[in-house]
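Trainee: My structure is in coords.txt, and what it holds is compact mmCIF, C-alpha atoms:
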# COMPACT_ATOMS: atom_id res chain seq x y z
CA MET N 167 65.69 -155.49 -211.71
CA LEU N 168 62.78 -153.10 -212.27
CA VAL N 169 64.57 -150.26 -210.50
CA THR N 170 67.63 -150.82 -212.70
CA PHE N 171 65.47 -150.78 -215.84
CA PHE N 172 63.75 -147.56 -214.81
CA ARG N 173 67.09 -145.92 -214.05
CA PHE N 174 68.30 -146.95 -217.49
CA LEU N 175 65.24 -145.40 -219.18
CA SER N 176 65.64 -142.21 -217.16
CA ILE N 177 68.86 -141.49 -219.07
CA PHE N 178 66.91 -140.76 -222.24
CA PRO N 179 65.52 -137.27 -222.98
CA LEU N 180 61.86 -136.61 -222.27
CA PRO N 181 60.93 -135.99 -225.96
CA LEU N 182 62.19 -139.47 -226.85
CA LEU N 183 60.35 -141.08 -223.93
CA HIS N 184 57.12 -139.33 -224.90
CA ALA N 185 57.48 -140.40 -228.54
CA ALA N 186 58.07 -144.00 -227.48
CA GLY N 187 55.24 -143.73 -224.96
CA SER N 188 52.80 -142.62 -227.65
CA LEU N 189 53.67 -145.76 -229.62
CA LEU N 190 53.36 -147.91 -226.51
CA GLY N 191 49.93 -146.46 -225.83
CA TRP N 192 48.69 -147.60 -229.23
CA ILE N 193 50.26 -151.04 -228.90
CA VAL N 194 48.51 -151.65 -225.58
CA TYR N 195 45.23 -150.22 -226.90
CA LEU N 196 45.25 -152.52 -229.94
CA LEU N 197 46.37 -155.67 -228.14
CA SER N 198 44.30 -155.49 -224.94
CA GLY N 199 40.55 -155.75 -225.45
CA SER N 200 39.70 -155.06 -221.80
CA TYR N 201 41.92 -151.98 -221.72
CA ARG N 202 40.44 -150.71 -224.99
CA ARG N 203 36.85 -151.23 -223.82
CA ARG N 204 37.36 -149.45 -220.50
CA LEU N 205 39.15 -146.48 -222.06
CA LYS N 206 36.50 -146.04 -224.75
CA GLU N 207 33.63 -146.51 -222.32
CA ASN N 208 34.96 -144.00 -219.79
CA ILE N 209 35.90 -141.27 -222.26
CA THR N 210 32.61 -141.66 -224.14
CA ARG N 211 30.54 -141.48 -220.94
CA ALA N 212 32.30 -138.24 -220.04
CA GLY N 213 31.46 -136.71 -223.42
CA PHE N 214 35.02 -136.55 -224.73
CA ALA N 215 34.95 -139.30 -227.37
CA GLY N 216 36.40 -136.83 -229.88
CA HIS N 217 39.65 -136.90 -227.87
CA LEU N 218 39.96 -140.70 -227.98
CA TYR N 219 42.96 -140.97 -230.31
CA ARG N 220 44.97 -138.37 -228.40
CA ALA N 221 44.02 -140.04 -225.12
CA VAL N 222 45.49 -143.33 -226.34
CA SER N 223 48.82 -141.63 -227.03
CA GLU N 224 48.78 -139.59 -223.81
CA ALA N 225 48.17 -142.72 -221.74
CA GLY N 226 51.33 -144.24 -223.16
CA LYS N 227 53.30 -141.08 -222.46
CA ASN N 228 52.04 -141.25 -218.88
CA ILE N 229 53.72 -144.65 -218.48
CA LEU N 230 57.07 -143.98 -220.15
CA GLU N 231 57.58 -140.60 -218.48
CA LEU N 232 57.60 -142.29 -215.07
CA PRO N 233 61.23 -143.48 -215.25
CA PHE N 234 62.25 -139.90 -215.99
CA ILE N 235 60.05 -138.36 -213.27
CA TRP N 236 61.03 -140.94 -210.64
CA CYS N 237 64.65 -141.74 -211.39
CA ALA N 238 66.29 -138.78 -213.16
CA SER N 239 68.02 -136.22 -210.97
CA PRO N 240 65.59 -133.77 -209.28
CA GLU N 241 67.34 -130.85 -210.97
CA ARG N 242 66.83 -132.37 -214.41
CA VAL N 243 63.18 -133.26 -213.73
CA LEU N 244 62.21 -129.91 -212.24
CA ARG N 245 63.71 -127.99 -215.18
CA THR N 246 60.96 -129.45 -217.36
CA ALA N 247 58.11 -127.91 -215.34
CA THR N 248 56.90 -124.33 -214.98
CA VAL N 249 54.29 -123.07 -212.53
CA GLU N 250 51.15 -121.06 -213.24
CA ASN N 251 49.03 -119.19 -210.67
CA TRP N 252 51.26 -119.86 -207.64
CA GLU N 253 49.88 -116.68 -206.04
CA LEU N 254 46.75 -118.70 -205.18
CA VAL N 255 48.91 -121.03 -203.08
CA GLN N 256 50.99 -118.23 -201.62
CA ALA N 257 47.85 -116.50 -200.34
CA ALA N 258 46.89 -119.68 -198.47
CA LEU N 259 50.39 -119.99 -197.02
CA ASP N 260 50.37 -116.36 -195.92
CA ALA N 261 47.05 -116.94 -194.14
CA LYS N 262 48.77 -119.78 -192.20
CA LYS N 263 45.79 -122.11 -192.64
CA GLY N 264 47.61 -124.56 -194.87
CA ALA N 265 46.06 -125.89 -198.07
CA ILE N 266 44.60 -129.14 -199.39
CA PHE N 267 45.81 -129.92 -202.92
CA LEU N 268 43.55 -132.17 -204.96
CA THR N 269 45.33 -133.68 -207.96
CA PRO N 270 43.37 -136.07 -210.21
CA HIS N 271 44.89 -138.58 -212.63
CA LEU N 272 45.30 -135.77 -215.14
CA GLY N 273 48.47 -134.99 -217.07
CA CYS N 274 51.71 -135.75 -215.26
CA PHE N 275 50.31 -135.88 -211.74
CA GLU N 276 53.58 -137.34 -210.42
CA ILE N 277 55.53 -134.13 -211.03
CA VAL N 278 53.05 -131.89 -209.19
CA ALA N 279 54.18 -132.88 -205.70
CA GLN N 280 57.86 -132.53 -206.61
CA LYS N 281 57.30 -129.02 -207.93
CA ILE N 282 55.29 -127.92 -204.89
CA ALA N 283 57.95 -129.31 -202.55
CA THR N 284 60.55 -126.97 -204.05
CA ARG N 285 58.59 -124.06 -202.55
CA THR N 286 57.04 -125.40 -199.36
CA ARG N 287 56.87 -128.51 -197.20
CA LEU N 288 54.28 -130.97 -198.53
CA THR N 289 52.73 -134.13 -197.06
CA VAL N 290 50.97 -136.48 -199.47
CA LEU N 291 48.68 -139.41 -198.80
CA TYR N 292 50.35 -142.60 -199.98
CA ARG N 293 49.05 -146.14 -200.49
CA PRO N 294 51.84 -148.71 -200.98
CA PRO N 295 51.66 -150.65 -204.27
CA ARG N 296 50.32 -154.19 -204.20
CA LYS N 297 53.46 -155.54 -205.87
CA ASP N 298 56.48 -155.59 -203.54
CA ALA N 299 58.85 -155.06 -206.48
CA LEU N 300 57.37 -151.60 -207.03
CA LYS N 301 57.61 -150.48 -203.41
CA PRO N 302 61.29 -149.39 -203.27
CA LEU N 303 60.98 -147.73 -206.68
CA ILE N 304 57.88 -145.68 -205.89
CA GLU N 305 58.73 -144.84 -202.28
CA GLY N 306 62.27 -143.81 -203.23
CA ALA N 307 60.94 -141.60 -206.00
CA ARG N 308 58.22 -139.89 -203.98
CA ALA N 309 59.95 -139.36 -200.63
CA ARG N 310 62.29 -136.46 -201.41
CA ASP N 311 63.45 -133.30 -199.68
CA ASN N 312 60.49 -131.36 -198.29
CA LEU N 313 58.13 -134.10 -199.55
CA LEU N 314 56.72 -136.40 -196.87
CA LEU N 315 54.58 -139.52 -197.25
CA ALA N 316 51.60 -140.24 -194.99
CA PRO N 317 50.25 -143.82 -195.08
CA ALA N 318 46.65 -144.25 -196.23
CA ASN N 319 45.40 -145.31 -192.81
CA LEU N 320 44.26 -143.68 -189.56
CA SER N 321 47.83 -142.81 -188.63
CA GLY N 322 48.28 -141.02 -191.95
CA VAL N 323 45.07 -139.06 -191.45
CA ARG N 324 46.37 -137.74 -188.14
CA ILE N 325 49.70 -136.82 -189.75
CA MET N 326 47.90 -134.81 -192.44
CA ALA N 327 45.56 -133.11 -189.96
CA LYS N 328 48.53 -132.03 -187.84
CA ALA N 329 50.34 -130.69 -190.90
CA LEU N 330 47.33 -128.52 -191.77
CA LYS N 331 47.06 -127.24 -188.22
CA LYS N 332 50.68 -126.10 -188.49
CA GLY N 333 49.84 -124.15 -191.65
CA GLU N 334 51.50 -126.66 -193.98
CA VAL N 335 50.07 -128.13 -197.20
CA ILE N 336 48.93 -131.65 -198.03
CA GLY N 337 48.08 -133.49 -201.23
CA LEU N 338 45.58 -136.20 -202.22
CA LEU N 339 44.37 -137.97 -205.35
CA PRO N 340 40.60 -137.33 -205.10
CA ASP N 341 39.70 -139.69 -207.95
CA GLN N 342 41.62 -142.65 -206.56
CA VAL N 343 39.21 -145.42 -205.53
CA PRO N 344 39.44 -145.64 -201.73
CA GLN N 345 39.35 -148.83 -199.75
CA GLU N 346 36.38 -150.22 -197.87
CA GLY N 347 34.95 -147.77 -195.37
CA GLU N 348 36.90 -144.78 -196.70
CA GLY N 349 34.39 -143.32 -199.12
CA VAL N 350 30.83 -142.92 -200.38
CA TRP N 351 29.15 -143.50 -203.72
CA ALA N 352 28.92 -140.23 -205.65
CA LYS N 353 28.29 -139.38 -209.31
CA PHE N 354 31.32 -138.89 -211.52
CA PHE N 355 30.52 -138.10 -215.16
CA GLY N 356 26.98 -139.39 -214.64
CA LYS N 357 27.83 -142.73 -212.99
CA ARG N 358 28.30 -143.44 -209.31
CA ALA N 359 31.89 -143.99 -208.28
CA TYR N 360 33.24 -144.85 -204.83
CA THR N 361 34.74 -141.52 -203.80
CA MET N 362 36.95 -140.57 -200.87
CA THR N 363 35.54 -138.22 -198.24
CA LEU N 364 38.79 -137.39 -196.50
CA SER N 365 39.59 -134.11 -198.25
CA ALA N 366 36.23 -132.53 -197.38
CA LYS N 367 36.49 -133.74 -193.78
CA LEU N 368 39.96 -132.24 -193.41
CA HIS N 369 38.71 -128.98 -194.89
CA SER N 370 35.80 -128.87 -192.44
CA MET N 371 38.06 -129.67 -189.52
CA THR N 372 40.86 -127.18 -190.19
CA GLY N 373 39.43 -124.49 -192.47
CA ALA N 374 42.31 -125.10 -194.90
CA PRO N 375 41.31 -124.05 -198.44
CA ILE N 376 41.03 -126.66 -201.19
CA ILE N 377 43.13 -125.97 -204.28
CA LEU N 378 42.93 -128.00 -207.48
CA THR N 379 46.15 -128.69 -209.33
CA TYR N 380 47.45 -130.66 -212.30
CA ALA N 381 50.43 -130.69 -214.64
CA GLU N 382 49.55 -130.35 -218.31
CA ARG N 383 51.86 -132.33 -220.58
CA LEU N 384 53.20 -130.10 -223.37
CA PRO N 385 53.50 -131.43 -226.96
CA HIS N 386 56.69 -133.03 -228.28
CA GLY N 387 58.21 -133.61 -224.85
CA ARG N 388 58.65 -129.90 -224.12
CA GLY N 389 57.80 -130.44 -220.47
CA TYR N 390 54.88 -129.53 -218.22
CA VAL N 391 52.89 -126.61 -216.86
CA VAL N 392 51.78 -127.08 -213.24
CA ARG N 393 48.52 -125.20 -212.82
CA PHE N 394 46.68 -124.21 -209.62
CA VAL N 395 42.93 -123.63 -209.79
CA PRO N 396 40.60 -122.40 -207.01
CA PHE N 397 37.93 -124.77 -205.72
CA GLU N 398 34.59 -123.04 -206.34
CA GLU N 399 31.96 -125.68 -205.52
CA GLU N 400 29.65 -125.53 -202.49
CA LEU N 401 30.59 -128.51 -200.36
CA GLY N 402 27.38 -128.90 -198.37
CA SER N 403 27.15 -130.68 -195.04
CA ASP N 404 26.84 -134.44 -195.64
CA ALA N 405 29.52 -136.76 -196.97
CA THR N 406 27.77 -137.67 -200.23
CA THR N 407 27.02 -134.05 -201.14
CA GLN N 408 30.63 -133.13 -200.41
CA ALA N 409 31.96 -136.01 -202.51
CA GLU N 410 29.75 -135.03 -205.44
CA ALA N 411 30.91 -131.40 -205.19
CA ILE N 412 34.53 -132.55 -205.36
CA ASN N 413 33.73 -134.85 -208.29
CA ARG N 414 32.12 -131.91 -210.14
CA SER N 415 35.28 -129.89 -209.61
CA MET N 416 37.30 -132.78 -211.01
CA GLU N 417 35.04 -132.95 -214.07
CA LYS N 418 35.62 -129.24 -214.76
CA LEU N 419 39.37 -129.62 -214.32
CA ILE N 420 39.51 -132.64 -216.62
CA ALA N 421 37.56 -130.68 -219.25
CA GLN N 422 40.53 -128.30 -219.52
CA SER N 423 42.68 -131.10 -220.96
CA PRO N 424 40.46 -134.16 -221.54
CA ALA N 425 42.93 -136.11 -223.67
CA GLN N 426 45.35 -136.22 -220.75
CA TYR N 427 43.05 -137.84 -218.21
CA PHE N 428 43.89 -141.47 -217.40
CA TRP N 429 40.63 -142.86 -218.81
CA SER N 430 41.78 -146.46 -218.56
CA TYR N 431 41.79 -146.21 -214.76
CA ASN N 432 39.07 -148.42 -213.28
CA ARG N 433 37.34 -145.49 -211.56
CA TYR N 434 33.98 -147.25 -211.16
CA LYS N 435 35.13 -150.47 -209.55
CA LYS N 436 33.55 -151.72 -206.34
CA PRO N 437 36.20 -152.18 -203.65
CA GLU N 438 36.24 -155.50 -201.85
CA GLY N 439 33.84 -155.46 -198.91
CA VAL N 440 31.86 -152.44 -200.11
CA GLU N 441 28.14 -153.18 -200.40
CA GLY N 442 27.48 -151.12 -203.50
CA PRO N 443 26.15 -147.67 -204.53
CA ASP N 444 23.22 -147.83 -202.11
CA SER N 445 25.37 -148.57 -199.07
CA GLY N 446 25.27 -145.98 -196.29
CA ALA N 447 28.19 -147.35 -194.29
CA ASN N 448 30.25 -144.79 -192.42
CA SER N 449 33.98 -144.75 -192.86
CA ASP N 450 36.55 -145.56 -190.19
CA ILE N 451 38.69 -142.72 -191.51
CA ASN N 452 35.77 -140.31 -191.22
CA THR N 453 35.41 -141.35 -187.59
CA ALA N 454 39.11 -140.77 -187.00
CA VAL N 455 38.89 -137.29 -188.48
CA THR N 456 35.92 -136.46 -186.27
CA GLN N 457 37.85 -137.67 -183.22
CA GLU N 458 40.86 -135.61 -184.26
CA ARG N 459 38.65 -132.53 -184.52
CA THR N 460 37.46 -132.94 -180.94
Could you render the structure as structure tokens?

Mentor:
Amino acid sequence: MLVTFFRFLSIFPLPLLHAAGSLLGWIVYLLSGSYRRRLKENITRAGFAGHLYRAVSEAGKNILELPFIWCASPERVLRTATVENWELVQAALDAKKGAIFLTPHLGCFEIVAQKIATRTRLTVLYRPPRKDALKPLIEGARARDNLLLAPANLSGVRIMAKALKKGEVIGLLPDQVPQEGEGVWAKFFGKRAYTMTLSAKLHSMTGAPIILTYAERLPHGRGYVVRFVPFEEELGSDATTQAEAINRSMEKLIAQSPAQYFWSYNRYKKPEGVEGPDSGANSDINTAVTQERT
């Protein structure tokens, strides 16, 4: 039923979906107190309260553009996106060291992987949705030609490490809250957030450069600009320092288009089983990466 509904919505032009999404964003914001509090709290903490009203609209666009991005024909979807600074990626490909794309919940992050996959083979880390009804919809939308899915477990880590060793590229959502044992507590806009360590570990293991990327949503449904930005932070040697360096790079990227970050995302939640910000537990995935290195 949900797949059918999304396919129906995908028929409509992107400008109409974005206009309707803007309205939806305000409806949800006004009707849901918990959603409203989290969005306002997160955007204010980050210092972007002046972008609140636009962020409400952009969040709604983020939802209603998904049927188009997932279910419209690839040709139709890809026509809406242009690419900026691809030479940064091409240099990494020419060096045959692969690349690690970090894409936060900024702009239309769903279209980034599709656009990259038109130029080179891409493997992305994927965590199945909790609701079974969403699984065929999301997996069918994301697994396309030249775009491979790696499960968010030890097997998926090995798949991604092997892809990098072959000079291919991989993609992760660095601001997605990892599961128990897959991250460390690191500051994000001044508050500790449970942050994945996998991207830094893969970089250390393979030497593959880290490249930041996001797709800025253009006004009035005119499409997207997929941008590639060099990673310029010093990673350091321990997991927490590395996670904080990646979080700082995310903060700088988000500052380029703050209204389009998904501020309602529960970035600061404590995953089940995690002891809290002062926990020093090592991750099973970190161990797997170390084993893969040796």

Trainee: Taking into account all atoms listed in the file, which residue in the set N:Arg393, N:Arg433, N:Arg383, N:Arg285 is nearest to N:Leu205?

Mentor: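 That would be N:Arg433, the residue with the smallest distance to N:Leu205.
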
Trainee: Please determine the residues with any atom at most 6 Å from (30.7, -151.2, -197.6) (coordinates as given in the file, with only C-alpha atoms counting) and report them as a PyMOL selection string.

Mentor: chain N and resi 346-347+439-441+447

Trainee: How many Å lie between atom CA of N:Glu348 and atom CA of N:Ala374, rounded to one decimal?

Mentor: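 These two atoms are separated by 20.5 Å.
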
Trainee: Quick one, how far is atom CA of N:Arg173 from atom CA of N:Leu232?

Mentor: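 About the pair atom CA of N:Arg173 and atom CA of N:Leu232: they are 10.2 Å apart.
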
Trainee: Hey, can you pull every residue with an atom no more than 7 Å from (44.7, -124.6, -212.6), using all atoms listed in the file, and send it as a list in words?

Mentor: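 Here the neighbourhood of the point contains Leu378, Thr379, Tyr380, Arg393, Phe394 and Val395 of chain N.
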
Trainee: Create the file for the chosen residues now, containing C-alpha atoms and written as a CSV table (one decimal), in the coordinates of the input.

Mentor:
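Written file, out_30.csv:
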chain,number,residue,atom,x,y,z
N,378,LEU,CA,42.9,-128.0,-207.5
N,379,THR,CA,46.2,-128.7,-209.3
N,380,TYR,CA,47.4,-130.7,-212.3
N,393,ARG,CA,48.5,-125.2,-212.8
N,394,PHE,CA,46.7,-124.2,-209.6
N,395,VAL,CA,42.9,-123.6,-209.8

Trainee: From the set N:His271, N:Lys357, N:Arg287, N:His217, which residue has the shortest atom-to-atom contact distance to N:Pro424, counting only C-alpha atoms?

Mentor: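 Of all the options, N:His217 lies closest to N:Pro424.
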
Trainee: Restricting the calculation to all atoms listed in the file, which member of N:Pro344, N:Glu382, N:Gly322, N:Trp252 is positioned closest to N:Gln422?

Mentor: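 Checking each candidate against N:Gln422, we get N:Glu382 as the closest.
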
Trainee: Calculate how many Å separate atom CA of N:Tyr390 from atom CA of N:Thr246, rounding to one decimal.

Mentor: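 About the pair atom CA of N:Tyr390 and atom CA of N:Thr246: they are 6.1 Å apart.
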
Trainee: Using all atoms listed in the file, pick whichever of N:Leu313, N:Ala238, N:Val249, N:Leu196 has the shortest atom-to-atom distance to N:Val222.

Mentor: N:Leu196

Trainee: Using all atoms listed in the file, which protein or nucleic acid residues come within 12 Å of N:Thr363? Drop anything in the same chain fewer than 5 positions from it, and give the result as an MDAnalysis selection string.

Mentor: chainID N and resid 323 338:345 347:352 368:370 401 403:413 448:453 455

Trainee: Write a file of the just-selected residues containing C-alpha atoms, as a JSON list (two decimals), keeping the file's coordinate frame.

Mentor:
[["chain", "number", "residue", "atom", "x", "y", "z"],
["N", 323, "VAL", "CA", 45.07, -139.06, -191.45],
["N", 338, "LEU", "CA", 45.58, -136.20, -202.22],
["N", 339, "LEU", "CA", 44.37, -137.97, -205.35],
["N", 340, "PRO", "CA", 40.60, -137.33, -205.10],
["N", 341, "ASP", "CA", 39.70, -139.69, -207.95],
["N", 342, "GLN", "CA", 41.62, -142.65, -206.56],
["N", 343, "VAL", "CA", 39.21, -145.42, -205.53],
["N", 344, "PRO", "CA", 39.44, -145.64, -201.73],
["N", 345, "GLN", "CA", 39.35, -148.83, -199.75],
["N", 347, "GLY", "CA", 34.95, -147.77, -195.37],
["N", 348, "GLU", "CA", 36.90, -144.78, -196.70],
["N", 349, "GLY", "CA", 34.39, -143.32, -199.12],
["N", 350, "VAL", "CA", 30.83, -142.92, -200.38],
["N", 351, "TRP", "CA", 29.15, -143.50, -203.72],
["N", 352, "ALA", "CA", 28.92, -140.23, -205.65],
["N", 368, "LEU", "CA", 39.96, -132.24, -193.41],
["N", 369, "HIS", "CA", 38.71, -128.98, -194.89],
["N", 370, "SER", "CA", 35.80, -128.87, -192.44],
["N", 401, "LEU", "CA", 30.59, -128.51, -200.36],
["N", 403, "SER", "CA", 27.15, -130.68, -195.04],
["N", 404, "ASP", "CA", 26.84, -134.44, -195.64],
["N", 405, "ALA", "CA", 29.52, -136.76, -196.97],
["N", 406, "THR", "CA", 27.77, -137.67, -200.23],
["N", 407, "THR", "CA", 27.02, -134.05, -201.14],
["N", 408, "GLN", "CA", 30.63, -133.13, -200.41],
["N", 409, "ALA", "CA", 31.96, -136.01, -202.51],
["N", 410, "GLU", "CA", 29.75, -135.03, -205.44],
["N", 411, "ALA", "CA", 30.91, -131.40, -205.19],
["N", 412, "ILE", "CA", 34.53, -132.55, -205.36],
["N", 413, "ASN", "CA", 33.73, -134.85, -208.29],
["N", 448, "ASN", "CA", 30.25, -144.79, -192.42],
["N", 449, "SER", "CA", 33.98, -144.75, -192.86],
["N", 450, "ASP", "CA", 36.55, -145.56, -190.19],
["N", 451, "ILE", "CA", 38.69, -142.72, -191.51],
["N", 452, "ASN", "CA", 35.77, -140.31, -191.22],
["N", 453, "THR", "CA", 35.41, -141.35, -187.59],
["N", 455, "VAL", "CA", 38.89, -137.29, -188.48]]

Trainee: Taking all atoms listed in the file into account, which of N:Ile376, N:Val278, N:Leu419, N:Met371 comes nearest N:Glu400?

Mentor: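 Checking each of N:Ile376, N:Val278, N:Leu419, N:Met371 against N:Glu400, counting all atoms listed in the file, the winner is N:Ile376.
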
Trainee: Could you work out an axis-aligned bounding box for all listed atoms of stretch 219-235 of chain N, with 3 Å added on each of the six sides, and give its centre and edge lengths in Å to one decimal, as lines of an AutoDock Vina configuration file?

Mentor:
center_x = 52.6
center_y = -141.5
center_z = -221.8
size_x = 25.3
size_y = 12.3
size_z = 23.0
